[in-house]
Amino acid sequence: MIYLRCFQLVAVMVLWAVTATAQNDLNMKNEISATAKERMTRMFPQAETDWMKEDPEFVERFANFAFDEVVAQTEKLLDNRTRHICYLATLLGCQGIDAFKAILPEALRQGVSPIEVKEIVYQATAYLGMGRVMPFINATNEVLKAEGVQLPLAPQTQTSMQNRREKGSEAQVGCFGEGMKDFWKSGPEDSRHINKWLADNCFGDWYTRTGMDLKMRELITFCFLAAQGGCEPQLKGHIAGNYHVGNNKDFLIAVISSNLPFIGYPRTLNALNCIREVEAANK
């Protein structure tokens with residue numbers, strides 16, 4: 001009798017496990033939209049082989065949200081190429097190197113050029129520092145070589161060590177207006193050198209390069225700053241810069257909405273609040 005009861009108990013447990021597994025499989029098949037699944041597996045190939053088996057409930061909700069609901073909300077203002085440029089800049093800003101490496105091949109397939117990828121990474125140095133950018137330089141080179149891209153890429157430098165300050169000041173004016181023309185000379189004497197560095201290094205070394213225009217460069221800077229958080233004064237300055245080069249309020253809201261799954265709600269809401277403050281100041 002004892003053996004019979006044990007056998008019955010084991011049979012019930014096995015049946016429950018099989019039923020639960022089958023139900024999980026059924027739920028995944030029924031609940032992840034075809035659009036979400038397609039986008040997810042293109043960006044994260046391991047999702048179908050690993051995540052859907054090991055974290056099915058997480059995948060169901062994240063995939064439908066990030067790759068269907070969010071895209072549907074923002075696709076009128078954000079084409080796929082620009083969306084992926086923003087993803088890459090955002091993942092640099094929040095230090096999401098694993099996601100950056102996973103998404104980069106799909107970004108290339110969506111029309112982001114290897115030169116644009118490099119320009120995103122190089123420009124991030126001015127806003128994140130080499131300590132945080134170095135792993136992304138290595139990751140970018142690793143992925144590009146795996147994709148058959150010959151390195152180094154064609155040169156994009158347009159300045160010399162002699163004219164970088166002058167050309168950087170011109171780029172600052174292009175982004176923010178004539179008020180930046182002599183900004184490099186301003187500020188207290190003990191820290192004036194930093195304003196000069198903003199002109200010759202941040203803008204003269206990076207913004208003057210070909211491969212991306214000022215409109216796109218201001219956009220990726222917006223993504224860097226919004227994603228890393230704690231840079232709200234600078235973020236508001238670059239929101240104004242984005243407006244100056246033609247990236248308007250609705251477009252920037254679409255960008256931060258698209259990036260939300262990768263940076264979370266707090267930093268997204270902070271960026272949105274910065275936009276509201278800039279809008280109020282402009283009235």
# chains A, B, ... in the order shown; residues from 1 in each chain; ligands from 1
$ residues_around --residues "A:Ala271" --least-positions-apart "2" --cutoff "10 Å" --atoms "only C-alpha atoms" --output "list in words"
Phe222, Cys223, Leu225, Ala226, Ala227, Gly229, Cys231, Glu232, Leu235, Lys236, Ile239, Leu252, Ile253, Ile256, Tyr265, Pro266, Arg267, Thr268, Leu269, Asn273, Cys274, Ile275, Arg276 and Glu277 of chain A
$ select_by_dssp --residues "stretch 23-183 of chain A" --states "alpha helix (DSSP H)" --output "ChimeraX atom specification"
/A:23-31,34-43,46,52-54,56-64,70-74,80-93,97-109,114-128,130-146,164-176
$ residues_around --residues "A:Glu116" --least-positions-apart "2" --cutoff "10 Å" --atoms "only C-alpha atoms" --output "list of chain:residue names"
A:Ile85, A:Leu108, A:Gly111, A:Val112, A:Ser113, A:Pro114, A:Lys118, A:Glu119, A:Ile120, A:Val121, A:Tyr122, A:Thr210, A:Gly211, A:Met212, A:Met216
$ closest_residue --among "A:Ala126, A:Ala171, A:Ala146, A:Met52" --to "A:Trp197" --atoms "only C-alpha atoms"
A:Ala126
$ closest_residue --among "A:Asn64, A:Gln156, A:Thr125, A:Ser186" --to "A:Ala89" --atoms "only C-alpha atoms"
A:Thr125
$ closest_residue --among "A:Leu272, A:Val133, A:Val143, A:Ile32" --to "A:Leu260" --atoms "only C-alpha atoms"
A:Leu272
$ residues_around --residues "A:Phe183" --least-positions-apart "6" --cutoff "10 Å" --atoms "only C-alpha atoms" --output "PDB file with N, CA and C atoms, in the first residue's frame"
ATOM      1  N   SER A 169      35.109  76.008 -31.801  1.00  0.00           N
ATOM      2  CA  SER A 169      34.232  77.145 -31.488  1.00  0.00           C
ATOM      3  C   SER A 169      33.161  77.308 -32.560  1.00  0.00           C
ATOM      4  N   GLN A 172      30.536  74.793 -31.859  1.00  0.00           N
ATOM      5  CA  GLN A 172      29.705  75.228 -30.733  1.00  0.00           C
ATOM      6  C   GLN A 172      28.661  76.251 -31.185  1.00  0.00           C
ATOM      7  N   VAL A 173      29.084  77.180 -32.026  1.00  0.00           N
ATOM      8  CA  VAL A 173      28.136  78.170 -32.564  1.00  0.00           C
ATOM      9  C   VAL A 173      27.076  77.474 -33.405  1.00  0.00           C
ATOM     10  N   ARG A 192      39.206  78.538 -16.364  1.00  0.00           N
ATOM     11  CA  ARG A 192      38.927  78.935 -17.744  1.00  0.00           C
ATOM     12  C   ARG A 192      39.451  77.916 -18.750  1.00  0.00           C
ATOM     13  N   ASN A 195      36.828  75.548 -20.164  1.00  0.00           N
ATOM     14  CA  ASN A 195      36.013  76.063 -21.268  1.00  0.00           C
ATOM     15  C   ASN A 195      36.785  76.029 -22.574  1.00  0.00           C
ATOM     16  N   LYS A 196      38.089  76.256 -22.494  1.00  0.00           N
ATOM     17  CA  LYS A 196      38.927  76.130 -23.699  1.00  0.00           C
ATOM     18  C   LYS A 196      38.951  74.681 -24.160  1.00  0.00           C
ATOM     19  N   LEU A 198      36.622  72.492 -23.731  1.00  0.00           N
ATOM     20  CA  LEU A 198      35.337  72.206 -24.356  1.00  0.00           C
ATOM     21  C   LEU A 198      35.367  72.587 -25.834  1.00  0.00           C
ATOM     22  N   ALA A 199      36.002  73.716 -26.132  1.00  0.00           N
ATOM     23  CA  ALA A 199      36.081  74.160 -27.528  1.00  0.00           C
ATOM     24  C   ALA A 199      37.035  73.299 -28.339  1.00  0.00           C
TER      25      ALA A 199
END
$ closest_residue --among "A:Glu142, A:Glu218, A:Glu75, A:Glu170" --to "A:Asp200" --atoms "only C-alpha atoms"
A:Glu170
$ atom_distance --atom1 "atom CA of A:Ala34" --atom2 "atom CA of A:Thr90"
25.8 Å
$ closest_atom_pairs --of "stretch 219-267 of chain A" --to "stretch 94-104 of chain A" --cutoff "8 Å" --atoms "only C-alpha atoms" --output "CSV"
residue,atom,partner,partner_atom,distance
A:Phe224,CA,A:Cys94,CA,7.7
A:Ala227,CA,A:Cys94,CA,5.1
A:Gln228,CA,A:Cys94,CA,5.0
A:Ile263,CA,A:Cys94,CA,6.7
$ decode --residues "stretch 210-252 of chain A" --atoms "N, CA and C atoms" --output "CSV table (one decimal), in the first residue's frame"
chain,number,residue,atom,x,y,z
A,210,THR,N,33.9,64.2,-39.8
A,210,THR,CA,32.9,63.8,-40.8
A,210,THR,C,32.3,62.4,-40.3
A,211,GLY,N,31.3,61.9,-41.0
A,211,GLY,CA,30.7,60.7,-40.6
A,211,GLY,C,29.4,60.9,-39.9
A,212,MET,N,29.2,62.1,-39.3
A,212,MET,CA,28.0,62.4,-38.6
A,212,MET,C,27.9,64.0,-38.7
A,213,ASP,N,26.6,64.5,-39.0
A,213,ASP,CA,26.5,65.9,-39.0
A,213,ASP,C,26.1,66.4,-37.5
A,214,LEU,N,26.1,67.7,-37.4
A,214,LEU,CA,25.8,68.3,-36.0
A,214,LEU,C,24.5,67.8,-35.5
A,215,LYS,N,23.5,67.7,-36.3
A,215,LYS,CA,22.2,67.3,-35.9
A,215,LYS,C,22.2,65.9,-35.2
A,216,MET,N,22.9,65.0,-35.8
A,216,MET,CA,23.0,63.6,-35.3
A,216,MET,C,23.9,63.6,-34.0
A,217,ARG,N,25.0,64.5,-34.1
A,217,ARG,CA,25.9,64.5,-32.9
A,217,ARG,C,25.2,65.0,-31.7
A,218,GLU,N,24.4,66.1,-31.9
A,218,GLU,CA,23.6,66.6,-30.7
A,218,GLU,C,22.7,65.5,-30.2
A,219,LEU,N,22.1,64.7,-31.1
A,219,LEU,CA,21.1,63.7,-30.7
A,219,LEU,C,21.8,62.6,-29.9
A,220,ILE,N,23.0,62.2,-30.3
A,220,ILE,CA,23.7,61.1,-29.5
A,220,ILE,C,24.2,61.7,-28.2
A,221,THR,N,24.5,62.9,-28.1
A,221,THR,CA,24.9,63.5,-26.8
A,221,THR,C,23.7,63.6,-25.9
A,222,PHE,N,22.6,63.9,-26.4
A,222,PHE,CA,21.3,63.8,-25.6
A,222,PHE,C,21.1,62.4,-25.0
A,223,CYS,N,21.4,61.4,-25.8
A,223,CYS,CA,21.2,60.0,-25.4
A,223,CYS,C,22.3,59.7,-24.3
A,224,PHE,N,23.6,60.1,-24.5
A,224,PHE,CA,24.6,59.9,-23.5
A,224,PHE,C,24.2,60.4,-22.2
A,225,LEU,N,23.8,61.7,-22.2
A,225,LEU,CA,23.5,62.4,-20.9
A,225,LEU,C,22.2,61.9,-20.2
A,226,ALA,N,21.2,61.6,-21.0
A,226,ALA,CA,20.0,61.1,-20.4
A,226,ALA,C,20.2,59.7,-19.8
A,227,ALA,N,21.0,58.9,-20.5
A,227,ALA,CA,21.2,57.5,-20.0
A,227,ALA,C,22.1,57.4,-18.8
A,228,GLN,N,23.1,58.3,-18.7
A,228,GLN,CA,24.0,58.2,-17.5
A,228,GLN,C,23.4,58.8,-16.2
A,229,GLY,N,22.5,59.8,-16.4
A,229,GLY,CA,21.9,60.4,-15.2
A,229,GLY,C,22.8,61.3,-14.5
A,230,GLY,N,22.3,62.1,-13.6
A,230,GLY,CA,23.1,63.0,-12.8
A,230,GLY,C,23.7,64.2,-13.6
A,231,CYS,N,23.3,64.4,-14.8
A,231,CYS,CA,23.9,65.4,-15.7
A,231,CYS,C,22.8,66.3,-16.2
A,232,GLU,N,21.8,66.6,-15.3
A,232,GLU,CA,20.6,67.3,-15.8
A,232,GLU,C,20.9,68.7,-16.3
A,233,PRO,N,21.8,69.5,-15.6
A,233,PRO,CA,22.1,70.8,-16.1
A,233,PRO,C,22.7,70.8,-17.6
A,234,GLN,N,23.6,69.8,-17.8
A,234,GLN,CA,24.2,69.6,-19.1
A,234,GLN,C,23.1,69.1,-20.1
A,235,LEU,N,22.3,68.2,-19.6
A,235,LEU,CA,21.2,67.7,-20.5
A,235,LEU,C,20.3,68.8,-21.0
A,236,LYS,N,20.0,69.7,-20.1
A,236,LYS,CA,19.1,70.8,-20.5
A,236,LYS,C,19.8,71.7,-21.6
A,237,GLY,N,21.1,71.9,-21.4
A,237,GLY,CA,21.9,72.6,-22.4
A,237,GLY,C,21.9,72.0,-23.7
A,238,HIS,N,22.0,70.7,-23.7
A,238,HIS,CA,22.0,70.0,-25.0
A,238,HIS,C,20.6,69.7,-25.6
A,239,ILE,N,19.6,69.8,-24.7
A,239,ILE,CA,18.2,69.8,-25.3
A,239,ILE,C,18.0,71.1,-26.1
A,240,ALA,N,18.5,72.2,-25.5
A,240,ALA,CA,18.5,73.5,-26.3
A,240,ALA,C,19.3,73.4,-27.6
A,241,GLY,N,20.5,72.7,-27.5
A,241,GLY,CA,21.3,72.5,-28.7
A,241,GLY,C,20.6,71.7,-29.7
A,242,ASN,N,19.9,70.6,-29.3
A,242,ASN,CA,19.1,69.8,-30.2
A,242,ASN,C,18.0,70.7,-30.9
A,243,TYR,N,17.4,71.5,-30.1
A,243,TYR,CA,16.4,72.4,-30.8
A,243,TYR,C,17.0,73.3,-31.8
A,244,HIS,N,18.2,73.8,-31.5
A,244,HIS,CA,18.9,74.7,-32.4
A,244,HIS,C,19.3,74.0,-33.7
A,245,VAL,N,19.6,72.7,-33.7
A,245,VAL,CA,20.0,72.0,-34.9
A,245,VAL,C,18.8,71.3,-35.6
A,246,GLY,N,17.6,71.4,-35.0
A,246,GLY,CA,16.4,70.9,-35.7
A,246,GLY,C,15.8,69.7,-35.1
A,247,ASN,N,16.2,69.2,-34.0
A,247,ASN,CA,15.6,68.1,-33.3
A,247,ASN,C,14.6,68.7,-32.3
A,248,ASN,N,13.3,68.6,-32.6
A,248,ASN,CA,12.3,69.3,-31.8
A,248,ASN,C,11.8,68.5,-30.6
A,249,LYS,N,10.9,69.1,-29.8
A,249,LYS,CA,10.4,68.5,-28.6
A,249,LYS,C,9.8,67.1,-28.8
A,250,ASP,N,8.9,67.0,-29.8
A,250,ASP,CA,8.2,65.7,-30.0
A,250,ASP,C,9.2,64.6,-30.4
A,251,PHE,N,10.2,65.0,-31.2
A,251,PHE,CA,11.2,64.0,-31.6
A,251,PHE,C,12.0,63.6,-30.4
A,252,LEU,N,12.5,64.5,-29.5
A,252,LEU,CA,13.2,64.1,-28.4
A,252,LEU,C,12.4,63.2,-27.4
